[in-house]
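K.L.:
Sending over entry.txt (compact mmCIF, N, CA and C atoms).
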```txt
# COMPACT_ATOMS: atom_id res chain seq x y z
N MET M 1 -12.18 24.56 11.58
CA MET M 1 -11.91 24.27 10.18
C MET M 1 -10.48 23.75 10.03
N ALA M 2 -10.32 22.70 9.25
CA ALA M 2 -9.01 22.11 9.05
C ALA M 2 -8.17 23.00 8.13
N ASP M 3 -6.86 23.01 8.38
CA ASP M 3 -5.99 23.79 7.51
C ASP M 3 -5.75 23.04 6.20
N LYS M 4 -5.14 23.74 5.24
CA LYS M 4 -4.93 23.15 3.92
C LYS M 4 -4.08 21.89 3.98
N GLY M 5 -3.06 21.90 4.84
CA GLY M 5 -2.19 20.73 4.96
C GLY M 5 -2.95 19.52 5.47
N SER M 6 -3.82 19.74 6.43
CA SER M 6 -4.63 18.66 6.98
C SER M 6 -5.58 18.10 5.93
N ARG M 7 -6.19 18.99 5.16
CA ARG M 7 -7.08 18.54 4.08
C ARG M 7 -6.29 17.77 3.02
N GLY M 8 -5.09 18.24 2.74
CA GLY M 8 -4.25 17.54 1.76
C GLY M 8 -3.90 16.13 2.22
N ILE M 9 -3.57 15.98 3.49
CA ILE M 9 -3.26 14.65 4.03
C ILE M 9 -4.50 13.77 4.00
N THR M 10 -5.66 14.37 4.26
CA THR M 10 -6.90 13.60 4.19
C THR M 10 -7.15 13.10 2.77
N ILE M 11 -6.94 13.96 1.79
CA ILE M 11 -7.13 13.56 0.39
C ILE M 11 -6.14 12.46 0.00
N VAL M 12 -4.88 12.64 0.35
CA VAL M 12 -3.87 11.63 0.05
C VAL M 12 -4.22 10.31 0.75
N SER M 13 -4.68 10.40 1.98
CA SER M 13 -5.05 9.20 2.74
C SER M 13 -6.21 8.46 2.10
N VAL M 14 -7.20 9.20 1.60
CA VAL M 14 -8.33 8.57 0.93
C VAL M 14 -7.87 7.89 -0.36
N LEU M 15 -6.99 8.55 -1.10
CA LEU M 15 -6.46 7.94 -2.34
C LEU M 15 -5.67 6.67 -2.03
N LEU M 16 -4.85 6.71 -0.98
CA LEU M 16 -4.10 5.52 -0.58
C LEU M 16 -5.05 4.43 -0.11
N ALA M 17 -6.10 4.82 0.60
CA ALA M 17 -7.10 3.83 1.05
C ALA M 17 -7.71 3.12 -0.14
N LEU M 18 -8.09 3.87 -1.16
CA LEU M 18 -8.68 3.27 -2.36
C LEU M 18 -7.69 2.33 -3.04
N LEU M 19 -6.45 2.77 -3.17
CA LEU M 19 -5.42 1.94 -3.79
C LEU M 19 -5.23 0.63 -3.04
N PHE M 20 -5.07 0.72 -1.71
CA PHE M 20 -4.80 -0.48 -0.94
C PHE M 20 -6.03 -1.37 -0.78
N LEU M 21 -7.22 -0.79 -0.71
CA LEU M 21 -8.42 -1.61 -0.65
C LEU M 21 -8.61 -2.37 -1.96
N LEU M 22 -8.36 -1.72 -3.08
CA LEU M 22 -8.47 -2.38 -4.38
C LEU M 22 -7.42 -3.47 -4.54
N ASN M 23 -6.16 -3.13 -4.30
CA ASN M 23 -5.09 -4.11 -4.48
C ASN M 23 -5.17 -5.24 -3.45
N GLY M 24 -5.47 -4.89 -2.21
CA GLY M 24 -5.64 -5.92 -1.18
C GLY M 24 -6.79 -6.84 -1.50
N GLY M 25 -7.89 -6.26 -1.96
CA GLY M 25 -9.06 -7.06 -2.34
C GLY M 25 -8.76 -8.02 -3.48
N MET M 26 -7.98 -7.55 -4.44
CA MET M 26 -7.60 -8.43 -5.56
C MET M 26 -6.78 -9.62 -5.06
N LYS M 27 -5.89 -9.36 -4.13
CA LYS M 27 -5.07 -10.44 -3.58
C LYS M 27 -5.92 -11.41 -2.76
N LEU M 28 -6.82 -10.87 -1.95
CA LEU M 28 -7.68 -11.73 -1.14
C LEU M 28 -8.64 -12.55 -2.00
N ALA M 29 -8.99 -12.03 -3.16
CA ALA M 29 -9.86 -12.75 -4.09
C ALA M 29 -9.09 -13.79 -4.91
N GLY M 30 -7.77 -13.87 -4.70
CA GLY M 30 -6.96 -14.86 -5.41
C GLY M 30 -6.66 -14.49 -6.84
N MET M 31 -6.73 -13.21 -7.16
CA MET M 31 -6.56 -12.78 -8.54
C MET M 31 -5.10 -12.64 -8.97
N MET M 32 -4.16 -12.83 -8.04
CA MET M 32 -2.75 -12.65 -8.38
C MET M 32 -1.90 -13.88 -8.07
N VAL M 33 -2.54 -15.02 -7.95
CA VAL M 33 -1.82 -16.26 -7.59
C VAL M 33 -0.70 -16.55 -8.58
N GLU M 34 -1.01 -16.47 -9.86
CA GLU M 34 0.00 -16.78 -10.89
C GLU M 34 1.15 -15.77 -10.85
N GLN M 35 0.82 -14.51 -10.62
CA GLN M 35 1.87 -13.48 -10.59
C GLN M 35 2.79 -13.70 -9.39
N PHE M 36 2.22 -14.00 -8.22
CA PHE M 36 3.06 -14.24 -7.04
C PHE M 36 3.93 -15.48 -7.25
N ALA M 37 3.38 -16.51 -7.90
CA ALA M 37 4.16 -17.71 -8.19
C ALA M 37 5.30 -17.39 -9.15
N LEU M 38 5.02 -16.57 -10.15
CA LEU M 38 6.05 -16.15 -11.11
C LEU M 38 7.19 -15.43 -10.39
N TRP M 39 6.86 -14.66 -9.38
CA TRP M 39 7.87 -13.95 -8.60
C TRP M 39 8.58 -14.85 -7.60
N GLY M 40 8.09 -16.08 -7.43
CA GLY M 40 8.73 -17.02 -6.53
C GLY M 40 8.18 -17.03 -5.11
N TYR M 41 6.99 -16.46 -4.93
CA TYR M 41 6.37 -16.42 -3.60
C TYR M 41 5.32 -17.51 -3.46
N SER M 42 5.18 -18.01 -2.25
CA SER M 42 4.16 -19.02 -1.94
C SER M 42 2.78 -18.38 -2.01
N GLY M 43 1.77 -19.22 -2.21
CA GLY M 43 0.40 -18.74 -2.30
C GLY M 43 -0.08 -18.02 -1.06
N TRP M 44 0.32 -18.52 0.11
CA TRP M 44 -0.13 -17.88 1.36
C TRP M 44 0.36 -16.45 1.46
N PHE M 45 1.52 -16.15 0.85
CA PHE M 45 2.09 -14.81 0.95
C PHE M 45 1.19 -13.78 0.27
N GLN M 46 0.56 -14.16 -0.83
CA GLN M 46 -0.39 -13.27 -1.50
C GLN M 46 -1.51 -12.87 -0.55
N TYR M 47 -2.02 -13.83 0.20
CA TYR M 47 -3.12 -13.55 1.13
C TYR M 47 -2.65 -12.71 2.32
N LEU M 48 -1.44 -12.95 2.78
CA LEU M 48 -0.88 -12.15 3.86
C LEU M 48 -0.78 -10.68 3.44
N ILE M 49 -0.25 -10.45 2.26
CA ILE M 49 -0.12 -9.09 1.75
C ILE M 49 -1.51 -8.49 1.52
N GLY M 50 -2.43 -9.30 1.03
CA GLY M 50 -3.80 -8.83 0.82
C GLY M 50 -4.47 -8.38 2.11
N VAL M 51 -4.27 -9.15 3.20
CA VAL M 51 -4.82 -8.76 4.50
C VAL M 51 -4.18 -7.46 4.98
N ALA M 52 -2.86 -7.37 4.85
CA ALA M 52 -2.15 -6.16 5.29
C ALA M 52 -2.61 -4.94 4.50
N GLU M 53 -2.72 -5.07 3.19
CA GLU M 53 -3.14 -3.94 2.37
C GLU M 53 -4.58 -3.54 2.65
N THR M 54 -5.45 -4.51 2.82
CA THR M 54 -6.85 -4.20 3.11
C THR M 54 -6.99 -3.53 4.47
N ALA M 55 -6.29 -4.05 5.47
CA ALA M 55 -6.33 -3.43 6.80
C ALA M 55 -5.79 -2.00 6.74
N ALA M 56 -4.70 -1.81 6.01
CA ALA M 56 -4.13 -0.46 5.88
C ALA M 56 -5.11 0.45 5.15
N GLY M 57 -5.77 -0.08 4.13
CA GLY M 57 -6.76 0.71 3.40
C GLY M 57 -7.83 1.26 4.33
N VAL M 58 -8.31 0.43 5.23
CA VAL M 58 -9.29 0.88 6.23
C VAL M 58 -8.62 1.87 7.19
N GLY M 59 -7.40 1.57 7.59
CA GLY M 59 -6.67 2.44 8.51
C GLY M 59 -6.44 3.84 7.98
N PHE M 60 -6.25 3.97 6.69
CA PHE M 60 -6.05 5.30 6.09
C PHE M 60 -7.31 6.16 6.18
N LEU M 61 -8.46 5.52 6.34
CA LEU M 61 -9.72 6.27 6.39
C LEU M 61 -10.03 6.84 7.76
N VAL M 62 -9.31 6.39 8.78
CA VAL M 62 -9.53 6.84 10.15
C VAL M 62 -8.34 7.68 10.58
N LYS M 63 -8.59 8.91 10.95
CA LYS M 63 -7.50 9.85 11.26
C LYS M 63 -6.55 9.30 12.32
N LYS M 64 -7.08 8.65 13.35
CA LYS M 64 -6.25 8.16 14.46
C LYS M 64 -5.36 6.99 14.06
N THR M 65 -5.67 6.31 12.95
CA THR M 65 -4.88 5.14 12.55
C THR M 65 -4.07 5.36 11.27
N ARG M 66 -4.12 6.55 10.74
CA ARG M 66 -3.39 6.83 9.48
C ARG M 66 -1.89 6.59 9.62
N PHE M 67 -1.32 7.04 10.71
CA PHE M 67 0.12 6.85 10.90
C PHE M 67 0.47 5.37 10.86
N PHE M 68 -0.29 4.54 11.57
CA PHE M 68 -0.01 3.11 11.63
C PHE M 68 -0.21 2.44 10.27
N ALA M 69 -1.24 2.86 9.54
CA ALA M 69 -1.47 2.32 8.20
C ALA M 69 -0.30 2.66 7.29
N ALA M 70 0.12 3.91 7.33
CA ALA M 70 1.23 4.35 6.48
C ALA M 70 2.52 3.64 6.87
N ALA M 71 2.78 3.55 8.18
CA ALA M 71 4.00 2.88 8.64
C ALA M 71 4.01 1.41 8.25
N ALA M 72 2.87 0.77 8.29
CA ALA M 72 2.79 -0.65 7.92
C ALA M 72 3.03 -0.86 6.43
N MET M 73 2.61 0.09 5.61
CA MET M 73 2.74 -0.07 4.17
C MET M 73 4.12 0.29 3.64
N ILE M 74 4.92 0.99 4.41
CA ILE M 74 6.26 1.35 3.94
C ILE M 74 7.10 0.11 3.62
N PRO M 75 7.23 -0.87 4.53
CA PRO M 75 8.01 -2.06 4.15
C PRO M 75 7.33 -2.89 3.06
N VAL M 76 6.02 -2.87 3.01
CA VAL M 76 5.31 -3.61 1.95
C VAL M 76 5.63 -3.00 0.59
N MET M 77 5.62 -1.68 0.51
CA MET M 77 5.93 -1.02 -0.76
C MET M 77 7.41 -1.18 -1.13
N LEU M 78 8.29 -1.17 -0.14
CA LEU M 78 9.70 -1.45 -0.43
C LEU M 78 9.85 -2.86 -1.00
N GLY M 79 9.13 -3.81 -0.43
CA GLY M 79 9.16 -5.19 -0.94
C GLY M 79 8.60 -5.29 -2.34
N ALA M 80 7.54 -4.54 -2.61
CA ALA M 80 6.94 -4.56 -3.95
C ALA M 80 7.92 -3.99 -4.98
N ILE M 81 8.56 -2.89 -4.62
CA ILE M 81 9.54 -2.28 -5.52
C ILE M 81 10.69 -3.26 -5.78
N TYR M 82 11.21 -3.85 -4.72
CA TYR M 82 12.30 -4.83 -4.85
C TYR M 82 11.88 -5.98 -5.77
N THR M 83 10.69 -6.52 -5.52
CA THR M 83 10.20 -7.65 -6.31
C THR M 83 10.10 -7.29 -7.78
N LEU M 84 9.52 -6.15 -8.08
CA LEU M 84 9.34 -5.76 -9.47
C LEU M 84 10.67 -5.48 -10.16
N VAL M 85 11.56 -4.78 -9.49
CA VAL M 85 12.86 -4.45 -10.09
C VAL M 85 13.69 -5.71 -10.33
N THR M 86 13.73 -6.61 -9.34
CA THR M 86 14.55 -7.82 -9.50
C THR M 86 13.96 -8.80 -10.50
N ASN M 87 12.69 -8.61 -10.86
CA ASN M 87 12.06 -9.47 -11.85
C ASN M 87 11.92 -8.78 -13.20
N GLY M 88 12.68 -7.71 -13.40
CA GLY M 88 12.70 -7.05 -14.69
C GLY M 88 11.45 -6.27 -15.03
N GLN M 89 10.65 -5.92 -14.03
CA GLN M 89 9.41 -5.17 -14.25
C GLN M 89 9.55 -3.75 -13.67
N THR M 90 10.67 -3.15 -13.96
CA THR M 90 11.01 -1.85 -13.38
C THR M 90 9.94 -0.80 -13.67
N GLY M 91 9.39 -0.80 -14.87
CA GLY M 91 8.35 0.18 -15.22
C GLY M 91 7.13 0.09 -14.33
N GLN M 92 6.82 -1.12 -13.88
CA GLN M 92 5.66 -1.32 -13.02
C GLN M 92 5.93 -0.89 -11.58
N ALA M 93 7.17 -0.60 -11.26
CA ALA M 93 7.53 -0.20 -9.90
C ALA M 93 7.15 1.24 -9.60
N VAL M 94 6.67 1.97 -10.60
CA VAL M 94 6.30 3.37 -10.41
C VAL M 94 5.16 3.50 -9.40
N VAL M 95 4.14 2.67 -9.51
CA VAL M 95 2.99 2.77 -8.60
C VAL M 95 3.40 2.52 -7.15
N PRO M 96 4.10 1.42 -6.84
CA PRO M 96 4.51 1.26 -5.44
C PRO M 96 5.51 2.33 -4.99
N LEU M 97 6.30 2.88 -5.90
CA LEU M 97 7.22 3.96 -5.52
C LEU M 97 6.44 5.21 -5.12
N VAL M 98 5.44 5.57 -5.91
CA VAL M 98 4.61 6.73 -5.57
C VAL M 98 3.85 6.46 -4.28
N ALA M 99 3.31 5.24 -4.13
CA ALA M 99 2.60 4.88 -2.90
C ALA M 99 3.54 4.97 -1.70
N LEU M 100 4.78 4.52 -1.86
CA LEU M 100 5.78 4.60 -0.79
C LEU M 100 6.01 6.06 -0.38
N LEU M 101 6.21 6.92 -1.35
CA LEU M 101 6.45 8.33 -1.05
C LEU M 101 5.24 8.96 -0.35
N LEU M 102 4.05 8.61 -0.80
CA LEU M 102 2.84 9.14 -0.17
C LEU M 102 2.66 8.58 1.24
N CYS M 103 3.01 7.32 1.44
CA CYS M 103 2.95 6.73 2.79
C CYS M 103 3.93 7.43 3.72
N LEU M 104 5.12 7.74 3.23
CA LEU M 104 6.10 8.48 4.03
C LEU M 104 5.56 9.85 4.42
N LEU M 105 4.91 10.51 3.48
CA LEU M 105 4.32 11.82 3.74
C LEU M 105 3.21 11.72 4.80
N VAL M 106 2.32 10.77 4.62
CA VAL M 106 1.21 10.61 5.58
C VAL M 106 1.75 10.25 6.95
N ALA M 107 2.74 9.35 7.00
CA ALA M 107 3.31 8.95 8.30
C ALA M 107 3.93 10.16 9.00
N LYS M 108 4.65 10.96 8.24
CA LYS M 108 5.31 12.14 8.83
C LYS M 108 4.29 13.16 9.32
N ARG M 109 3.24 13.39 8.55
CA ARG M 109 2.26 14.43 8.89
C ARG M 109 1.17 13.95 9.85
N SER M 110 1.10 12.65 10.11
CA SER M 110 0.02 12.10 10.95
C SER M 110 0.49 11.76 12.35
N ARG M 111 1.73 12.00 12.67
CA ARG M 111 2.25 11.65 14.01
C ARG M 111 1.78 12.62 15.05
```
Show the structure stored in the file as C-alpha cells.

P.N.:
Amino acid sequence: MADKGSRGITIVSVLLALLFLLNGGMKLAGMMVEQFALWGYSGWFQYLIGVAETAAGVGFLVKKTRFFAAAAMIPVMLGAIYTLVTNGQTGQAVVPLVALLLCLLVAKRSR
C-alpha cells in the first residue's frame, strides 16, 4: 500500500497531467496563435510549447517519468510567468506560478 505522501504526489501528478494535456492540446490545435503573436512569439513556438506540454502531461501519468515531466515543465512555467508579467498580465501568472510550485514538488518527491 502506498503511503499518504506517495498518494498525494500521484494526485498532484494527475492534476498537472490534466492541466498540461489541456493547455498543450489547445496550443497544438492552434487556439493560441493570436495570443502568442501578441506576446511577440513566432507561430512555431506555440507548437513547440504545445508538444512539450502534451508530452509532459503524458509523462506525469507514468510514475517512472514524473520527475522528467516535472523537470521539463519548470523552465516552461518560468517562461510563462515571465511572458505574462512582462506583458502586463500579472494576474494571469497565478496558474503557471502554482503549476511551477507543484512541478518543483513532484520533481523533488519523484527522484

K.L.:
Pick from M:Phe20, M:Thr65, M:Gln92, M:Ala99: nearest to Leu78 (chain M), with only C-alpha atoms counted?

P.N.:
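Between M:Phe20, M:Thr65, M:Gln92, M:Ala99, the residue approaching Leu78 (chain M) most closely is M:Ala99.
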
K.L.:
Of the candidates M:Leu101, M:Gly43, M:Asn87, M:Ala17, which shows the shortest atom-to-atom distance to Gly59 (chain M), using only N, CA and C atoms?

P.N.:
M:Ala17

K.L.:
Contacts of region 60-64 of chain M at 12 Å or less, counting only C-alpha atoms, minus same-chain residues fewer than 5 places along, as a short mmCIF file (atom, residue, chain, number, x, y, z; two decimals) with N, CA and C atoms, in the frame of the given file?

P.N.:
```
data_model
loop_
_atom_site.label_atom_id
_atom_site.label_comp_id
_atom_site.auth_asym_id
_atom_site.auth_seq_id
_atom_site.Cartn_x
_atom_site.Cartn_y
_atom_site.Cartn_z
N SER M 6 -3.82 19.74 6.43
CA SER M 6 -4.63 18.66 6.98
C SER M 6 -5.58 18.10 5.93
N ARG M 7 -6.19 18.99 5.16
CA ARG M 7 -7.08 18.54 4.08
C ARG M 7 -6.29 17.77 3.02
N ILE M 9 -3.57 15.98 3.49
CA ILE M 9 -3.26 14.65 4.03
C ILE M 9 -4.50 13.77 4.00
N THR M 10 -5.66 14.37 4.26
CA THR M 10 -6.90 13.60 4.19
C THR M 10 -7.15 13.10 2.77
N ILE M 11 -6.94 13.96 1.79
CA ILE M 11 -7.13 13.56 0.39
C ILE M 11 -6.14 12.46 0.00
N VAL M 12 -4.88 12.64 0.35
CA VAL M 12 -3.87 11.63 0.05
C VAL M 12 -4.22 10.31 0.75
N SER M 13 -4.68 10.40 1.98
CA SER M 13 -5.05 9.20 2.74
C SER M 13 -6.21 8.46 2.10
N VAL M 14 -7.20 9.20 1.60
CA VAL M 14 -8.33 8.57 0.93
C VAL M 14 -7.87 7.89 -0.36
N LEU M 15 -6.99 8.55 -1.10
CA LEU M 15 -6.46 7.94 -2.34
C LEU M 15 -5.67 6.67 -2.03
N LEU M 16 -4.85 6.71 -0.98
CA LEU M 16 -4.10 5.52 -0.58
C LEU M 16 -5.05 4.43 -0.11
N ALA M 17 -6.10 4.82 0.60
CA ALA M 17 -7.10 3.83 1.05
C ALA M 17 -7.71 3.12 -0.14
N LEU M 18 -8.09 3.87 -1.16
CA LEU M 18 -8.68 3.27 -2.36
C LEU M 18 -7.69 2.33 -3.04
N LEU M 19 -6.45 2.77 -3.17
CA LEU M 19 -5.42 1.94 -3.79
C LEU M 19 -5.23 0.63 -3.04
N PHE M 20 -5.07 0.72 -1.71
CA PHE M 20 -4.80 -0.48 -0.94
C PHE M 20 -6.03 -1.37 -0.78
N LEU M 21 -7.22 -0.79 -0.71
CA LEU M 21 -8.42 -1.61 -0.65
C LEU M 21 -8.61 -2.37 -1.96
N GLU M 53 -2.72 -5.07 3.19
CA GLU M 53 -3.14 -3.94 2.37
C GLU M 53 -4.58 -3.54 2.65
N THR M 54 -5.45 -4.51 2.82
CA THR M 54 -6.85 -4.20 3.11
C THR M 54 -6.99 -3.53 4.47
N ALA M 55 -6.29 -4.05 5.47
CA ALA M 55 -6.33 -3.43 6.80
C ALA M 55 -5.79 -2.00 6.74
N ALA M 69 -1.24 2.86 9.54
CA ALA M 69 -1.47 2.32 8.20
C ALA M 69 -0.30 2.66 7.29
N ALA M 70 0.12 3.91 7.33
CA ALA M 70 1.23 4.35 6.48
C ALA M 70 2.52 3.64 6.87
N ALA M 71 2.78 3.55 8.18
CA ALA M 71 4.00 2.88 8.64
C ALA M 71 4.01 1.41 8.25
N ALA M 72 2.87 0.77 8.29
CA ALA M 72 2.79 -0.65 7.92
C ALA M 72 3.03 -0.86 6.43
N MET M 73 2.61 0.09 5.61
CA MET M 73 2.74 -0.07 4.17
C MET M 73 4.12 0.29 3.64
N LEU M 102 4.05 8.61 -0.80
CA LEU M 102 2.84 9.14 -0.17
C LEU M 102 2.66 8.58 1.24
N CYS M 103 3.01 7.32 1.44
CA CYS M 103 2.95 6.73 2.79
C CYS M 103 3.93 7.43 3.72
N VAL M 106 2.32 10.77 4.62
CA VAL M 106 1.21 10.61 5.58
C VAL M 106 1.75 10.25 6.95
N ALA M 107 2.74 9.35 7.00
CA ALA M 107 3.31 8.95 8.30
C ALA M 107 3.93 10.16 9.00
N ARG M 109 3.24 13.39 8.55
CA ARG M 109 2.26 14.43 8.89
C ARG M 109 1.17 13.95 9.85
N SER M 110 1.10 12.65 10.11
CA SER M 110 0.02 12.10 10.95
C SER M 110 0.49 11.76 12.35
N ARG M 111 1.73 12.00 12.67
CA ARG M 111 2.25 11.65 14.01
C ARG M 111 1.78 12.62 15.05
#
```

K.L.:
Counting all atoms listed in the file, figure out which residue out of M:Leu48, M:Lys108, M:Pro96, M:Gly79 gets nearest to Phe67 (chain M).

P.N.:
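Among the listed residues, the smallest separation from Phe67 (chain M) belongs to M:Lys108.
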
K.L.:
Go ahead and compute the interatomic distance for atom N of Leu22 (chain M) and atom N of Val95 (chain M), in Å to one decimal.

P.N.:
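Atom-to-atom, atom N of Leu22 (chain M) and atom N of Val95 (chain M) are spaced 14.7 Å apart.
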
K.L.:
From a backbone DSSP assignment, name each residue in chain M labelled helix (DSSP H, G or I), as a PyMOL selection string.

P.N.:
chain M and resi 4-28+33-38+43-60+63-86+90-109

K.L.:
What is the atom C of Val58 (chain M) to atom N of Gly25 (chain M) distance in Å?

P.N.:
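The value is 12.3 Å.
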
K.L.:
I'd like the interatomic distance between atom C of Ala80 (chain M) and atom C of Leu105 (chain M), to a tenth of an Å.

P.N.:
19.1 Å

K.L.:
M:Gly40, M:Gly50, M:Gly30, M:Gly5: which is nearest Val76 (chain M), counting only C-alpha atoms?

P.N.:
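Selected residue with least distance to Val76 (chain M): M:Gly50.
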